[in-house]
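Asks: Dropping in query_35.pdb, which is PDB, C-alpha atoms and all ligand atoms:
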MODEL        1
ATOM      1  CA  MET A   1       6.123  -3.888  45.877
ATOM      2  CA  GLN A   2       4.289  -5.872  48.465
ATOM      3  CA  GLU A   3       5.911  -4.906  51.749
ATOM      4  CA  SER A   4       6.797  -8.384  53.155
ATOM      5  CA  ARG A   5       8.180  -9.547  49.816
ATOM      6  CA  GLU A   6      10.265  -6.374  49.638
ATOM      7  CA  ARG A   7      11.610  -7.002  53.144
ATOM      8  CA  ILE A   8      12.352 -10.665  52.350
ATOM      9  CA  LEU A   9      14.303  -9.604  49.253
ATOM     10  CA  SER A  10      16.123  -6.957  51.226
ATOM     11  CA  ALA A  11      17.072  -9.506  53.948
ATOM     12  CA  LEU A  12      18.181 -12.069  51.326
ATOM     13  CA  SER A  13      20.327  -9.476  49.564
ATOM     14  CA  GLU A  14      22.549  -9.427  52.701
ATOM     15  CA  GLY A  15      23.270 -13.176  52.559
ATOM     16  CA  PRO A  16      21.647 -16.463  53.683
ATOM     17  CA  VAL A  17      18.818 -16.228  56.187
ATOM     18  CA  THR A  18      16.646 -18.972  57.630
ATOM     19  CA  GLY A  19      12.859 -19.227  57.383
ATOM     20  CA  PRO A  20      12.342 -18.841  61.145
ATOM     21  CA  GLU A  21      14.637 -15.775  61.214
ATOM     22  CA  LEU A  22      12.659 -14.181  58.378
ATOM     23  CA  ALA A  23       9.359 -15.000  60.063
ATOM     24  CA  ASP A  24      10.548 -13.441  63.357
ATOM     25  CA  ASP A  25      12.020 -10.332  61.723
ATOM     26  CA  LEU A  26       8.987  -9.687  59.541
ATOM     27  CA  GLU A  27       6.455 -10.785  62.161
ATOM     28  CA  ILE A  28       4.725 -13.127  59.728
ATOM     29  CA  SER A  29       4.133 -16.906  59.841
ATOM     30  CA  ARG A  30       6.654 -19.400  58.458
ATOM     31  CA  ALA A  31       4.001 -20.490  55.976
ATOM     32  CA  ALA A  32       3.795 -16.886  54.722
ATOM     33  CA  VAL A  33       7.598 -16.774  54.354
ATOM     34  CA  TRP A  34       7.507 -20.014  52.354
ATOM     35  CA  LYS A  35       4.716 -18.614  50.143
ATOM     36  CA  HIS A  36       6.782 -15.508  49.364
ATOM     37  CA  ILE A  37       9.861 -17.630  48.593
ATOM     38  CA  GLU A  38       7.811 -19.772  46.192
ATOM     39  CA  GLU A  39       6.417 -16.610  44.553
ATOM     40  CA  LEU A  40       9.962 -15.323  44.026
ATOM     41  CA  ARG A  41      11.029 -18.681  42.557
ATOM     42  CA  ASP A  42       8.008 -18.533  40.213
ATOM     43  CA  ALA A  43       9.141 -15.060  39.141
ATOM     44  CA  GLY A  44      12.517 -16.571  38.137
ATOM     45  CA  PHE A  45      14.674 -15.978  41.229
ATOM     46  CA  GLU A  46      16.938 -18.947  41.901
ATOM     47  CA  ILE A  47      16.780 -19.394  45.683
ATOM     48  CA  THR A  48      18.554 -22.308  47.342
ATOM     49  CA  SER A  49      17.734 -23.608  50.772
ATOM     50  CA  THR A  50      20.677 -24.975  52.768
ATOM     51  CA  GLY A  51      21.619 -25.424  56.433
ATOM     52  CA  SER A  52      22.423 -21.706  56.656
ATOM     53  CA  GLY A  53      19.064 -20.701  55.197
ATOM     54  CA  TYR A  54      17.622 -19.337  51.985
ATOM     55  CA  GLU A  55      20.100 -17.781  49.574
ATOM     56  CA  ILE A  56      19.609 -15.916  46.246
ATOM     57  CA  GLU A  57      21.763 -17.597  43.593
ATOM     58  CA  SER A  58      20.510 -15.597  40.623
ATOM     59  CA  VAL A  59      18.062 -12.852  39.707
ATOM     60  CA  PRO A  60      15.890 -13.086  36.563
ATOM     61  CA  GLU A  61      17.066 -11.240  33.453
ATOM     62  CA  PHE A  62      13.985  -8.996  33.399
ATOM     63  CA  GLY A  63      10.547  -8.528  34.955
ATOM     64  CA  GLY A  64       8.904  -6.419  37.637
ATOM     65  CA  ILE A  65      10.320  -8.000  40.782
ATOM     66  CA  ALA A  66      13.760  -8.335  39.190
ATOM     67  CA  VAL A  67      13.826  -4.604  38.400
ATOM     68  CA  GLU A  68      12.491  -3.643  41.832
ATOM     69  CA  PHE A  69      15.189  -5.799  43.481
ATOM     70  CA  GLY A  70      18.043  -3.370  44.203
ATOM     71  CA  LEU A  71      16.297  -0.387  42.548
ATOM     72  CA  GLU A  72      17.476   2.834  44.181
ATOM     73  CA  ALA A  73      14.392   4.917  43.388
ATOM     74  CA  PRO A  74      10.952   4.825  45.017
ATOM     75  CA  PHE A  75       8.873   3.346  42.191
ATOM     76  CA  GLU A  76       6.592   0.348  42.015
ATOM     77  CA  ILE A  77       7.126  -1.654  38.819
ATOM     78  CA  GLU A  78       4.097  -3.087  37.030
ATOM     79  CA  TYR A  79       5.433  -5.566  34.503
ATOM     80  CA  HIS A  80       3.714  -7.060  31.444
ATOM     81  CA  ASP A  81       5.142  -9.662  29.061
ATOM     82  CA  SER A  82       2.920  -8.070  26.427
ATOM     83  CA  ILE A  83       0.639  -5.023  26.515
ATOM     84  CA  GLY A  84      -0.973  -2.642  24.008
ATOM     85  CA  SER A  85       0.867   0.465  25.187
ATOM     86  CA  THR A  86       2.580   1.161  28.517
ATOM     87  CA  ASN A  87       1.585   4.838  28.155
ATOM     88  CA  ALA A  88      -2.083   3.901  27.791
ATOM     89  CA  ARG A  89      -1.843   1.657  30.864
ATOM     90  CA  ALA A  90      -0.081   4.404  32.871
ATOM     91  CA  ARG A  91      -2.798   6.903  31.859
ATOM     92  CA  GLY A  92      -5.360   4.389  33.154
ATOM     93  CA  LEU A  93      -3.482   4.113  36.463
ATOM     94  CA  ALA A  94      -3.401   7.932  36.643
ATOM     95  CA  THR A  95      -7.186   8.093  36.444
ATOM     96  CA  GLU A  96      -7.299   5.590  39.349
ATOM     97  CA  GLY A  97      -5.292   8.102  41.389
ATOM     98  CA  ARG A  98      -1.979   6.175  41.361
ATOM     99  CA  GLU A  99       1.516   7.703  41.225
ATOM    100  CA  ASN A 100       5.187   6.695  41.266
ATOM    101  CA  VAL A 101       4.494   3.604  39.198
ATOM    102  CA  VAL A 102       6.564   2.411  36.242
ATOM    103  CA  VAL A 103       4.674   0.314  33.693
ATOM    104  CA  LEU A 104       7.250  -1.919  32.024
ATOM    105  CA  ALA A 105       6.804  -4.359  29.131
ATOM    106  CA  ASP A 106       8.815  -6.817  27.102
ATOM    107  CA  GLU A 107       6.587  -6.196  24.075
ATOM    108  CA  GLN A 108       3.948  -3.651  23.054
ATOM    109  CA  THR A 109       1.341  -4.501  20.467
ATOM    110  CA  GLY A 110       0.034  -0.937  20.064
ATOM    111  CA  GLY A 111       2.980   1.290  20.994
ATOM    112  CA  ARG A 112       2.494   4.955  20.061
ATOM    113  CA  GLY A 113       5.035   7.623  19.207
ATOM    114  CA  ARG A 114       4.868  11.390  18.841
ATOM    115  CA  LEU A 115       2.236  12.803  16.468
ATOM    116  CA  ASP A 116       0.280   9.585  17.057
ATOM    117  CA  ARG A 117       2.683   7.594  14.895
ATOM    118  CA  GLU A 118       3.016   3.843  15.400
ATOM    119  CA  TRP A 119       5.965   2.818  17.565
ATOM    120  CA  SER A 120       7.280  -0.610  16.796
ATOM    121  CA  SER A 121       7.940  -2.461  20.072
ATOM    122  CA  PRO A 122       8.979  -6.108  19.567
ATOM    123  CA  SER A 123       9.887  -8.453  22.414
ATOM    124  CA  GLY A 124      13.411  -7.791  23.732
ATOM    125  CA  GLY A 125      13.118  -3.996  23.792
ATOM    126  CA  LEU A 126      12.739  -1.738  26.778
ATOM    127  CA  TRP A 127       9.307  -0.130  26.769
ATOM    128  CA  LEU A 128       8.272   1.731  29.880
ATOM    129  CA  SER A 129       6.124   4.578  31.173
ATOM    130  CA  ILE A 130       6.765   6.494  34.376
ATOM    131  CA  LEU A 131       3.706   7.929  36.132
ATOM    132  CA  LEU A 132       4.336  10.972  38.332
ATOM    133  CA  ARG A 133       2.319  13.705  40.019
ATOM    134  CA  PRO A 134       4.773  16.585  40.161
ATOM    135  CA  THR A 135       3.784  19.727  42.059
ATOM    136  CA  ARG A 136       4.769  21.976  39.165
ATOM    137  CA  PRO A 137       2.946  24.275  36.729
ATOM    138  CA  ALA A 138       1.936  22.656  33.433
ATOM    139  CA  THR A 139       4.380  24.931  31.576
ATOM    140  CA  HIS A 140       7.261  23.035  33.233
ATOM    141  CA  ALA A 141       6.189  19.679  31.732
ATOM    142  CA  PRO A 142       8.753  19.740  28.856
ATOM    143  CA  VAL A 143      11.612  19.611  31.363
ATOM    144  CA  TYR A 144      10.498  16.089  32.329
ATOM    145  CA  THR A 145      10.935  15.034  28.702
ATOM    146  CA  LEU A 146      14.427  16.545  28.701
ATOM    147  CA  ALA A 147      15.195  14.701  31.955
ATOM    148  CA  ALA A 148      14.007  11.438  30.397
ATOM    149  CA  ALA A 149      16.232  12.004  27.372
ATOM    150  CA  VAL A 150      19.265  12.714  29.577
ATOM    151  CA  ALA A 151      18.515   9.686  31.791
ATOM    152  CA  THR A 152      18.123   7.477  28.713
ATOM    153  CA  ALA A 153      21.319   8.734  27.098
ATOM    154  CA  ARG A 154      23.267   8.256  30.338
ATOM    155  CA  ALA A 155      21.868   4.745  30.856
ATOM    156  CA  VAL A 156      22.575   3.526  27.321
ATOM    157  CA  ARG A 157      26.043   5.111  27.344
ATOM    158  CA  GLU A 158      26.900   2.712  30.183
ATOM    159  CA  THR A 159      26.478  -0.130  27.691
ATOM    160  CA  GLY A 160      29.233   1.415  25.559
ATOM    161  CA  VAL A 161      27.374   3.404  22.879
ATOM    162  CA  ASP A 162      28.098   7.072  22.104
ATOM    163  CA  ALA A 163      24.500   8.224  22.586
ATOM    164  CA  ARG A 164      23.519  11.868  21.999
ATOM    165  CA  ILE A 165      20.198  13.720  22.150
ATOM    166  CA  LYS A 166      18.439  15.264  19.164
ATOM    167  CA  TRP A 167      16.079  18.045  20.221
ATOM    168  CA  PRO A 168      13.804  17.606  21.957
ATOM    169  CA  ASN A 169      14.052  13.980  22.971
ATOM    170  CA  ASP A 170      15.337  11.443  20.468
ATOM    171  CA  VAL A 171      18.399   9.511  21.557
ATOM    172  CA  LEU A 172      20.689   8.814  18.618
ATOM    173  CA  VAL A 173      23.804   6.767  18.034
ATOM    174  CA  GLU A 174      25.818   8.117  15.108
ATOM    175  CA  GLY A 175      22.704   9.762  13.699
ATOM    176  CA  ARG A 176      20.483   6.690  14.009
ATOM    177  CA  LYS A 177      17.516   6.655  16.386
ATOM    178  CA  LEU A 178      17.919   4.321  19.359
ATOM    179  CA  SER A 179      15.188   5.662  21.602
ATOM    180  CA  GLY A 180      12.120   7.893  21.604
ATOM    181  CA  ILE A 181      10.125   9.581  24.346
ATOM    182  CA  LEU A 182       6.437  10.429  24.500
ATOM    183  CA  THR A 183       5.231  12.584  27.401
ATOM    184  CA  GLU A 184       1.529  12.945  28.131
ATOM    185  CA  MET A 185      -0.086  14.950  30.910
ATOM    186  CA  GLU A 186      -3.243  16.327  32.406
ATOM    187  CA  GLY A 187      -3.552  19.413  34.558
ATOM    188  CA  GLU A 188      -4.498  23.028  34.928
ATOM    189  CA  ALA A 189      -2.179  25.894  33.962
ATOM    190  CA  ASP A 190      -0.947  26.295  37.538
ATOM    191  CA  ARG A 191      -0.509  22.618  38.345
ATOM    192  CA  ILE A 192       0.178  19.287  36.653
ATOM    193  CA  SER A 193      -2.313  16.659  37.796
ATOM    194  CA  TRP A 194      -0.422  13.685  36.349
ATOM    195  CA  LEU A 195       2.414  13.163  33.946
ATOM    196  CA  VAL A 196       3.286  10.004  32.005
ATOM    197  CA  VAL A 197       6.772   9.848  30.524
ATOM    198  CA  GLY A 198       6.939   6.981  28.016
ATOM    199  CA  ILE A 199      10.393   5.808  26.976
ATOM    200  CA  GLY A 200      11.133   3.270  24.257
ATOM    201  CA  ILE A 201      14.651   1.876  23.791
ATOM    202  CA  ASN A 202      15.495  -0.553  21.011
ATOM    203  CA  ALA A 203      17.489  -2.800  23.338
ATOM    204  CA  ASN A 204      17.800  -6.521  22.561
ATOM    205  CA  VAL A 205      16.099  -6.372  19.170
ATOM    206  CA  GLY A 206      17.664  -6.781  15.763
ATOM    207  CA  THR A 207      17.131  -3.860  13.379
ATOM    208  CA  ASP A 208      15.479  -6.332  10.972
ATOM    209  CA  ARG A 209      12.547  -6.276  13.404
ATOM    210  CA  LEU A 210      12.286  -2.471  13.283
ATOM    211  CA  PRO A 211      10.924  -0.212  10.550
ATOM    212  CA  ASP A 212      13.080   2.326   8.638
ATOM    213  CA  ARG A 213      16.184   0.199   9.101
ATOM    214  CA  GLU A 214      18.471   2.849   7.648
ATOM    215  CA  ASP A 215      17.584   5.458  10.275
ATOM    216  CA  VAL A 216      17.195   3.318  13.376
ATOM    217  CA  THR A 217      19.516   1.293  15.501
ATOM    218  CA  SER A 218      19.388  -0.941  18.560
ATOM    219  CA  LEU A 219      21.746  -1.774  21.388
ATOM    220  CA  GLN A 220      21.910  -5.311  20.014
ATOM    221  CA  ALA A 221      23.141  -3.959  16.682
ATOM    222  CA  GLU A 222      25.629  -1.596  18.324
ATOM    223  CA  VAL A 223      27.081  -3.599  21.219
ATOM    224  CA  GLY A 224      25.258  -6.945  21.354
ATOM    225  CA  GLU A 225      22.800  -8.182  24.009
ATOM    226  CA  VAL A 226      22.580  -5.967  27.094
ATOM    227  CA  ASP A 227      21.404  -6.542  30.661
ATOM    228  CA  ARG A 228      17.924  -5.033  30.476
ATOM    229  CA  ARG A 229      17.394  -5.220  34.240
ATOM    230  CA  ASN A 230      20.478  -3.155  34.892
ATOM    231  CA  LEU A 231      19.620  -0.754  32.046
ATOM    232  CA  THR A 232      16.084  -0.216  33.394
ATOM    233  CA  GLN A 233      17.333   0.368  36.938
ATOM    234  CA  THR A 234      19.947   2.879  35.776
ATOM    235  CA  LEU A 235      17.413   4.703  33.613
ATOM    236  CA  ILE A 236      14.808   5.002  36.384
ATOM    237  CA  THR A 237      17.372   6.033  39.002
ATOM    238  CA  GLU A 238      18.957   8.673  36.733
ATOM    239  CA  PHE A 239      15.503  10.060  35.905
ATOM    240  CA  HIS A 240      14.503  10.161  39.572
ATOM    241  CA  GLU A 241      17.690  12.000  40.561
ATOM    242  CA  LEU A 242      17.382  14.520  37.724
ATOM    243  CA  VAL A 243      13.774  15.483  38.426
ATOM    244  CA  HIS A 244      14.736  16.131  42.040
ATOM    245  CA  ASP A 245      17.536  18.437  40.937
ATOM    246  CA  GLU A 246      15.727  20.447  38.259
ATOM    247  CA  GLY A 247      18.598  22.936  37.831
ATOM    248  CA  GLU A 248      20.836  20.148  36.550
ATOM    249  CA  ILE A 249      18.567  19.027  33.695
ATOM    250  CA  VAL A 250      19.207  21.709  31.056
ATOM    251  CA  PRO A 251      23.025  21.755  31.549
ATOM    252  CA  ALA A 252      23.087  17.931  31.405
ATOM    253  CA  TRP A 253      20.999  18.024  28.199
ATOM    254  CA  ARG A 254      23.447  20.552  26.668
ATOM    255  CA  ASP A 255      26.383  18.251  27.462
ATOM    256  CA  LEU A 256      24.739  15.345  25.624
ATOM    257  CA  SER A 257      23.237  17.303  22.754
ATOM    258  CA  ALA A 258      23.634  16.263  19.129
ATOM    259  CA  THR A 259      21.640  19.338  18.022
ATOM    260  CA  LEU A 260      23.435  22.357  19.458
ATOM    261  CA  ASP A 261      25.798  24.094  17.077
ATOM    262  CA  ARG A 262      24.255  22.356  14.073
ATOM    263  CA  ARG A 263      22.173  23.591  11.190
ATOM    264  CA  VAL A 264      18.583  22.496  11.763
ATOM    265  CA  ARG A 265      15.169  22.730  10.212
ATOM    266  CA  VAL A 266      12.243  22.715  12.670
ATOM    267  CA  GLU A 267       8.679  22.337  11.415
ATOM    268  CA  THR A 268       6.338  24.117  13.836
ATOM    269  CA  ALA A 269       2.603  24.814  13.820
ATOM    270  CA  ASN A 270       3.488  28.379  12.728
ATOM    271  CA  GLY A 271       5.835  27.403   9.912
ATOM    272  CA  THR A 272       9.392  26.258   9.337
ATOM    273  CA  VAL A 273      12.421  27.683  11.109
ATOM    274  CA  GLU A 274      15.845  27.026   9.619
ATOM    275  CA  GLY A 275      19.214  28.072  11.015
ATOM    276  CA  ARG A 276      21.856  27.188  13.597
ATOM    277  CA  ALA A 277      20.685  25.700  16.902
ATOM    278  CA  ILE A 278      22.526  27.834  19.447
ATOM    279  CA  ASP A 279      21.008  26.952  22.823
ATOM    280  CA  ILE A 280      18.283  25.274  24.818
ATOM    281  CA  GLU A 281      16.300  27.202  27.430
ATOM    282  CA  PHE A 282      14.236  26.022  30.399
ATOM    283  CA  PRO A 283      11.862  24.199  30.226
ATOM    284  CA  GLY A 284      13.004  22.836  26.848
ATOM    285  CA  SER A 285      12.813  25.429  24.061
ATOM    286  CA  LEU A 286      15.351  25.461  21.253
ATOM    287  CA  VAL A 287      16.976  28.768  20.308
ATOM    288  CA  ILE A 288      17.719  29.009  16.566
ATOM    289  CA  GLU A 289      19.766  31.747  14.972
ATOM    290  CA  THR A 290      18.928  32.717  11.406
ATOM    291  CA  ASP A 291      20.826  35.605   9.770
ATOM    292  CA  GLY A 292      21.583  37.188  13.132
ATOM    293  CA  GLU A 293      17.986  36.838  14.429
ATOM    294  CA  GLU A 294      17.018  34.446  17.213
ATOM    295  CA  THR A 295      13.812  32.375  17.235
ATOM    296  CA  VAL A 296      12.735  30.373  20.276
ATOM    297  CA  VAL A 297      10.875  27.203  19.331
ATOM    298  CA  THR A 298       8.897  25.330  21.971
ATOM    299  CA  VAL A 299       7.416  22.458  19.941
ATOM    300  CA  GLY A 300       8.281  21.040  16.546
ATOM    301  CA  ASP A 301       9.786  18.319  14.428
ATOM    302  CA  CYS A 302      13.530  18.825  14.120
ATOM    303  CA  THR A 303      15.786  17.704  11.268
ATOM    304  CA  HIS A 304      19.563  17.963  11.425
ATOM    305  CA  LEU A 305      20.871  19.444   8.172
ATOM    306  CA  ARG A 306      24.272  18.974   6.618
ATOM    307  CA  ALA A 307      26.366  22.164   6.751
ATOM    308  CA  SER A 308      25.748  22.731   3.043
ATOM    309  CA  GLU A 309      21.947  22.236   3.294
ATOM    310  CA  GLY A 310      19.239  24.807   3.965
ATOM    311  CA  ALA A 311      19.327  28.622   4.194
TER     312      ALA A 311
HETATM  313  C1  LIG B   1       8.695   8.937  19.442
HETATM  314  O1  LIG B   1       9.899   9.084  19.226
HETATM  315  O2  LIG B   1       7.864   9.120  18.553
HETATM  316  C2  LIG B   1       8.253   8.552  20.827
HETATM  317  C3  LIG B   1       8.219   7.066  21.023
HETATM  318  C4  LIG B   1       7.767   6.672  22.425
HETATM  319  C5  LIG B   1       7.623   5.177  22.580
HETATM  320  C6  LIG B   1       7.395   4.749  23.996
HETATM  321  S1  LIG B   1       7.583   3.021  24.215
HETATM  322  C7  LIG B   1       6.911   3.115  25.797
HETATM  323  C8  LIG B   1       5.768   4.098  25.727
HETATM  324  N1  LIG B   1       4.535   3.451  25.311
HETATM  325  C9  LIG B   1       4.110   3.904  24.139
HETATM  326  O3  LIG B   1       3.084   3.505  23.549
HETATM  327  N2  LIG B   1       4.943   4.843  23.671
HETATM  328  C10 LIG B   1       6.032   5.086  24.583
ENDMDL
END
Will you turn the file into structure tokens for me?
Ligand code: BTN
Replies:
Amino acid sequence: MQESRERILSALSEGPVTGPELADDLEISRAAVWKHIEELRDAGFEITSTGSGYEIESVPEFGGIAVEFGLEAPFEIEYHDSIGSTNARARGLATEGRENVVVLADEQTGGRGRLDREWSSPSGGLWLSILLRPTRPATHAPVYTLAAAVATARAVRETGVDARIKWPNDVLVEGRKLSGILTEMEGEADRISWLVVGIGINANVGTDRLPDREDVTSLQAEVGEVDRRNLTQTLITEFHELVHDEGEIVPAWRDLSATLDRRVRVETANGTVEGRAIDIEFPGSLVIETDGEETVVTVGDCTHLRASEGA
């Protein structure tokens, strides 16, 4: 966020403050203070001006500045009312050398999912991509996807849904998909150059606006309209804390898993593995037991089977 605007918001969050006080504290002109206040009003902040100074009466429901206001993680938010794909935009920012940016949109017109599938992203959802430059080997990249799934599950659980994670990274509510994650990266074997973690949550959208209605759900369908600003802030903060405490990610994933201890079928490039999912290993592999033998699967499409199904 622009530094003076950030400092104005931070000062206003403490209570009323006058224009001259802000100008003195920030060492900028009163005209510059006024310009920032007008910019914030244009962005949807309700700011009153009384004898005791400027005061924030309300924060917009959504948007870049609204999400940055009070965000407890060091990310810049680039907001779009509508964009093709936040992942594509974040990849573009990566090639410009940027980092620690979250691209956030109300609507995507060309959202992509895993295996290059279309990802339906109507207005009202939460579509975002986090751009990072972790100093980690490329083999560790899957743990960022696990962290995103845990952060998403934790954030949506605060709205009252019983969210669980299907390996590797779908967030489900009672078996229906609420959220998906698409991680993209570039780097050498010994070092990630950039990583884009794209997260889509069906937030304030009716399931009639989503495909495969039987298998998908939304927060609106489960609990009604949610506060997307709060949800986005919780998600980003949880993610930030998890990736700075790598040892916590796999245990946290296990706690929220819908896959462990279930019969599963995983389609991999080398064939199909069917059996009981018994564990997850760093950085994100699933351990499947079939007739007493263990197979470790790193990538694949996972289906939960009913106890009576499969081998
Ligand atoms: C999947 O389950 O197939 C992954 C879906 C990932 C969707 C998100 S929405 C934000 C970001 N931008 C995209 O184009 N895709 C991801």
Asks: Given the file shown, determine the residues that the PyMOL selection byres (((not hetatm)) within 6 of (chain B and resi 1)) selects; report them as a list in words.
Replies: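 So the PyMOL selection byres (((not hetatm)) within 6 of (chain B and resi 1)), applied here, picks out Ser85, Thr86, Asn87, Gly111, Arg112, Gly113, Arg114, Trp119, Trp127, Leu128, Ser129, Gly180, Ile181, Leu182, Gly198, Ile199 and Gly200 of chain A.
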Asks: May I have the protein, DNA and RNA residues with an atom at most 7 Å from (27.2, -1.3, 24.2), counting only C-alpha atoms in the file's coordinates, returned as a list in words?
Replies: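 Residues with an atom at most 7 Å from (27.2, -1.3, 24.2): Thr159, Gly160, Val161, Leu219, Glu222, Val223 and Gly224 of chain A.
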Asks: Run the PyMOL selection byres (((chain A and resi 175) around 10) and not hetatm) against the file shown and list the residues it catches, as a PyMOL selection string.
Replies: chain A and resi 163-166+171-174+176-178+215-217+258+304
Asks: Take the residues from that selection and write them out as an mmCIF file, keeping the file's coordinate frame, keeping C-alpha atoms.
Replies:
data_model
loop_
_atom_site.group_PDB
_atom_site.id
_atom_site.type_symbol
_atom_site.label_atom_id
_atom_site.label_comp_id
_atom_site.auth_asym_id
_atom_site.auth_seq_id
_atom_site.Cartn_x
_atom_site.Cartn_y
_atom_site.Cartn_z
ATOM 1 C CA ALA A 163 24.500 8.224 22.586
ATOM 2 C CA ARG A 164 23.519 11.868 21.999
ATOM 3 C CA ILE A 165 20.198 13.720 22.150
ATOM 4 C CA LYS A 166 18.439 15.264 19.164
ATOM 5 C CA VAL A 171 18.399 9.511 21.557
ATOM 6 C CA LEU A 172 20.689 8.814 18.618
ATOM 7 C CA VAL A 173 23.804 6.767 18.034
ATOM 8 C CA GLU A 174 25.818 8.117 15.108
ATOM 9 C CA ARG A 176 20.483 6.690 14.009
ATOM 10 C CA LYS A 177 17.516 6.655 16.386
ATOM 11 C CA LEU A 178 17.919 4.321 19.359
ATOM 12 C CA ASP A 215 17.584 5.458 10.275
ATOM 13 C CA VAL A 216 17.195 3.318 13.376
ATOM 14 C CA THR A 217 19.516 1.293 15.501
ATOM 15 C CA ALA A 258 23.634 16.263 19.129
ATOM 16 C CA HIS A 304 19.563 17.963 11.425
#
Asks: Let me know the residues the PyMOL selection byres (((chain A and resi 232) around 12) and not hetatm) catches in the file above, as a VMD selection string.
Replies: chain A and resid 61 to 64 66 to 73 75 77 79 102 to 106 125 to 130 151 to 152 154 to 156 158 to 159 199 to 201 203 226 to 231 233 to 239
Asks: Would you save the residues of that selection, restricted to C-alpha atoms, as a short mmCIF file (atom, residue, chain, number, x, y, z; two decimals), keeping the file's coordinate frame?
Replies:
data_model
loop_
_atom_site.label_atom_id
_atom_site.label_comp_id
_atom_site.auth_asym_id
_atom_site.auth_seq_id
_atom_site.Cartn_x
_atom_site.Cartn_y
_atom_site.Cartn_z
CA GLU A 61 17.07 -11.24 33.45
CA PHE A 62 13.98 -9.00 33.40
CA GLY A 63 10.55 -8.53 34.96
CA GLY A 64 8.90 -6.42 37.64
CA ALA A 66 13.76 -8.34 39.19
CA VAL A 67 13.83 -4.60 38.40
CA GLU A 68 12.49 -3.64 41.83
CA PHE A 69 15.19 -5.80 43.48
CA GLY A 70 18.04 -3.37 44.20
CA LEU A 71 16.30 -0.39 42.55
CA GLU A 72 17.48 2.83 44.18
CA ALA A 73 14.39 4.92 43.39
CA PHE A 75 8.87 3.35 42.19
CA ILE A 77 7.13 -1.65 38.82
CA TYR A 79 5.43 -5.57 34.50
CA VAL A 102 6.56 2.41 36.24
CA VAL A 103 4.67 0.31 33.69
CA LEU A 104 7.25 -1.92 32.02
CA ALA A 105 6.80 -4.36 29.13
CA ASP A 106 8.82 -6.82 27.10
CA GLY A 125 13.12 -4.00 23.79
CA LEU A 126 12.74 -1.74 26.78
CA TRP A 127 9.31 -0.13 26.77
CA LEU A 128 8.27 1.73 29.88
CA SER A 129 6.12 4.58 31.17
CA ILE A 130 6.76 6.49 34.38
CA ALA A 151 18.52 9.69 31.79
CA THR A 152 18.12 7.48 28.71
CA ARG A 154 23.27 8.26 30.34
CA ALA A 155 21.87 4.74 30.86
CA VAL A 156 22.58 3.53 27.32
CA GLU A 158 26.90 2.71 30.18
CA THR A 159 26.48 -0.13 27.69
CA ILE A 199 10.39 5.81 26.98
CA GLY A 200 11.13 3.27 24.26
CA ILE A 201 14.65 1.88 23.79
CA ALA A 203 17.49 -2.80 23.34
CA VAL A 226 22.58 -5.97 27.09
CA ASP A 227 21.40 -6.54 30.66
CA ARG A 228 17.92 -5.03 30.48
CA ARG A 229 17.39 -5.22 34.24
CA ASN A 230 20.48 -3.16 34.89
CA LEU A 231 19.62 -0.75 32.05
CA GLN A 233 17.33 0.37 36.94
CA THR A 234 19.95 2.88 35.78
CA LEU A 235 17.41 4.70 33.61
CA ILE A 236 14.81 5.00 36.38
CA THR A 237 17.37 6.03 39.00
CA GLU A 238 18.96 8.67 36.73
CA PHE A 239 15.50 10.06 35.90
#
Asks: Do a neighbour search on Ser82 in chain A at 8 Å with only C-alpha atoms, toss out local chain neighbours closer than 2 positions, and write the hits as a VMD selection string.
Replies: chain A and resid 80 84 105 to 109
Asks: Keeping only C-alpha atoms, take the residues you just selected and write them out as a PDB file, keeping the file's coordinate frame.
Replies:
ATOM      1  CA  HIS A  80       3.714  -7.060  31.444  1.00  0.00           C
ATOM      2  CA  GLY A  84      -0.973  -2.642  24.008  1.00  0.00           C
ATOM      3  CA  ALA A 105       6.804  -4.359  29.131  1.00  0.00           C
ATOM      4  CA  ASP A 106       8.815  -6.817  27.102  1.00  0.00           C
ATOM      5  CA  GLU A 107       6.587  -6.196  24.075  1.00  0.00           C
ATOM      6  CA  GLN A 108       3.948  -3.651  23.054  1.00  0.00           C
ATOM      7  CA  THR A 109       1.341  -4.501  20.467  1.00  0.00           C
TER       8      THR A 109
END
Asks: Give me the residues near Gly271 in chain A as number ranges by chain, where near means some atom within 10 Å (using only C-alpha atoms) and where sequence neighbours in that chain fewer than 4 positions away do not count.
Replies: A: 266-267, 300
Asks: Please measure the separation of CA of His140 in chain A and CA of Leu260 in chain A, giving the value in Å to one decimal.
Replies: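 Straight-line distance from CA of His140 in chain A to CA of Leu260 in chain A works out to 21.3 Å.
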Asks: So the first atom is CA of Met185 in chain A and the second is CA of Gly284 in chain A; what is the distance between them in Å, to one decimal place?
Replies: 15.8 Å
Asks: Just give me the gap between CA of Glu248 in chain A and CA of Thr268 in chain A in Å, one decimal is fine.
Replies: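 One can read the CA of Glu248 in chain A to CA of Thr268 in chain A distance as 27.2 Å.
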Asks: So which residues are close to (21.0, 23.2, 11.6), meaning at most 12 Å away in the file's coordinates with all atoms listed in the file counted, and can you show them as a ChimeraX atom specification?
Replies: /A:166-167,258-266,273-279,286-290,302-311
Asks: When distances are computed from only C-alpha atoms, which of A:Pro20, A:Pro134, A:Pro168, A:Pro251 shows the smallest separation from Thr298 in chain A?
Replies: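 Looking at the shortest contact to Thr298 in chain A, the residue is A:Pro168.
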Asks: Would you mind listing what lies within 10 Å of Pro283 in chain A as a short mmCIF file (atom, residue, chain, number, x, y, z; two decimals) with C-alpha atoms, keeping the file's coordinate frame, with all atoms listed in the file counted and same-chain residues fewer than 4 positions away left out?
Replies:
data_model
loop_
_atom_site.label_atom_id
_atom_site.label_comp_id
_atom_site.auth_asym_id
_atom_site.auth_seq_id
_atom_site.Cartn_x
_atom_site.Cartn_y
_atom_site.Cartn_z
CA THR A 139 4.38 24.93 31.58
CA HIS A 140 7.26 23.04 33.23
CA ALA A 141 6.19 19.68 31.73
CA PRO A 142 8.75 19.74 28.86
CA VAL A 143 11.61 19.61 31.36
CA TYR A 144 10.50 16.09 32.33
CA THR A 145 10.94 15.03 28.70
CA LEU A 146 14.43 16.55 28.70
CA GLU A 246 15.73 20.45 38.26
CA ILE A 249 18.57 19.03 33.70
CA VAL A 250 19.21 21.71 31.06
CA THR A 298 8.90 25.33 21.97
#
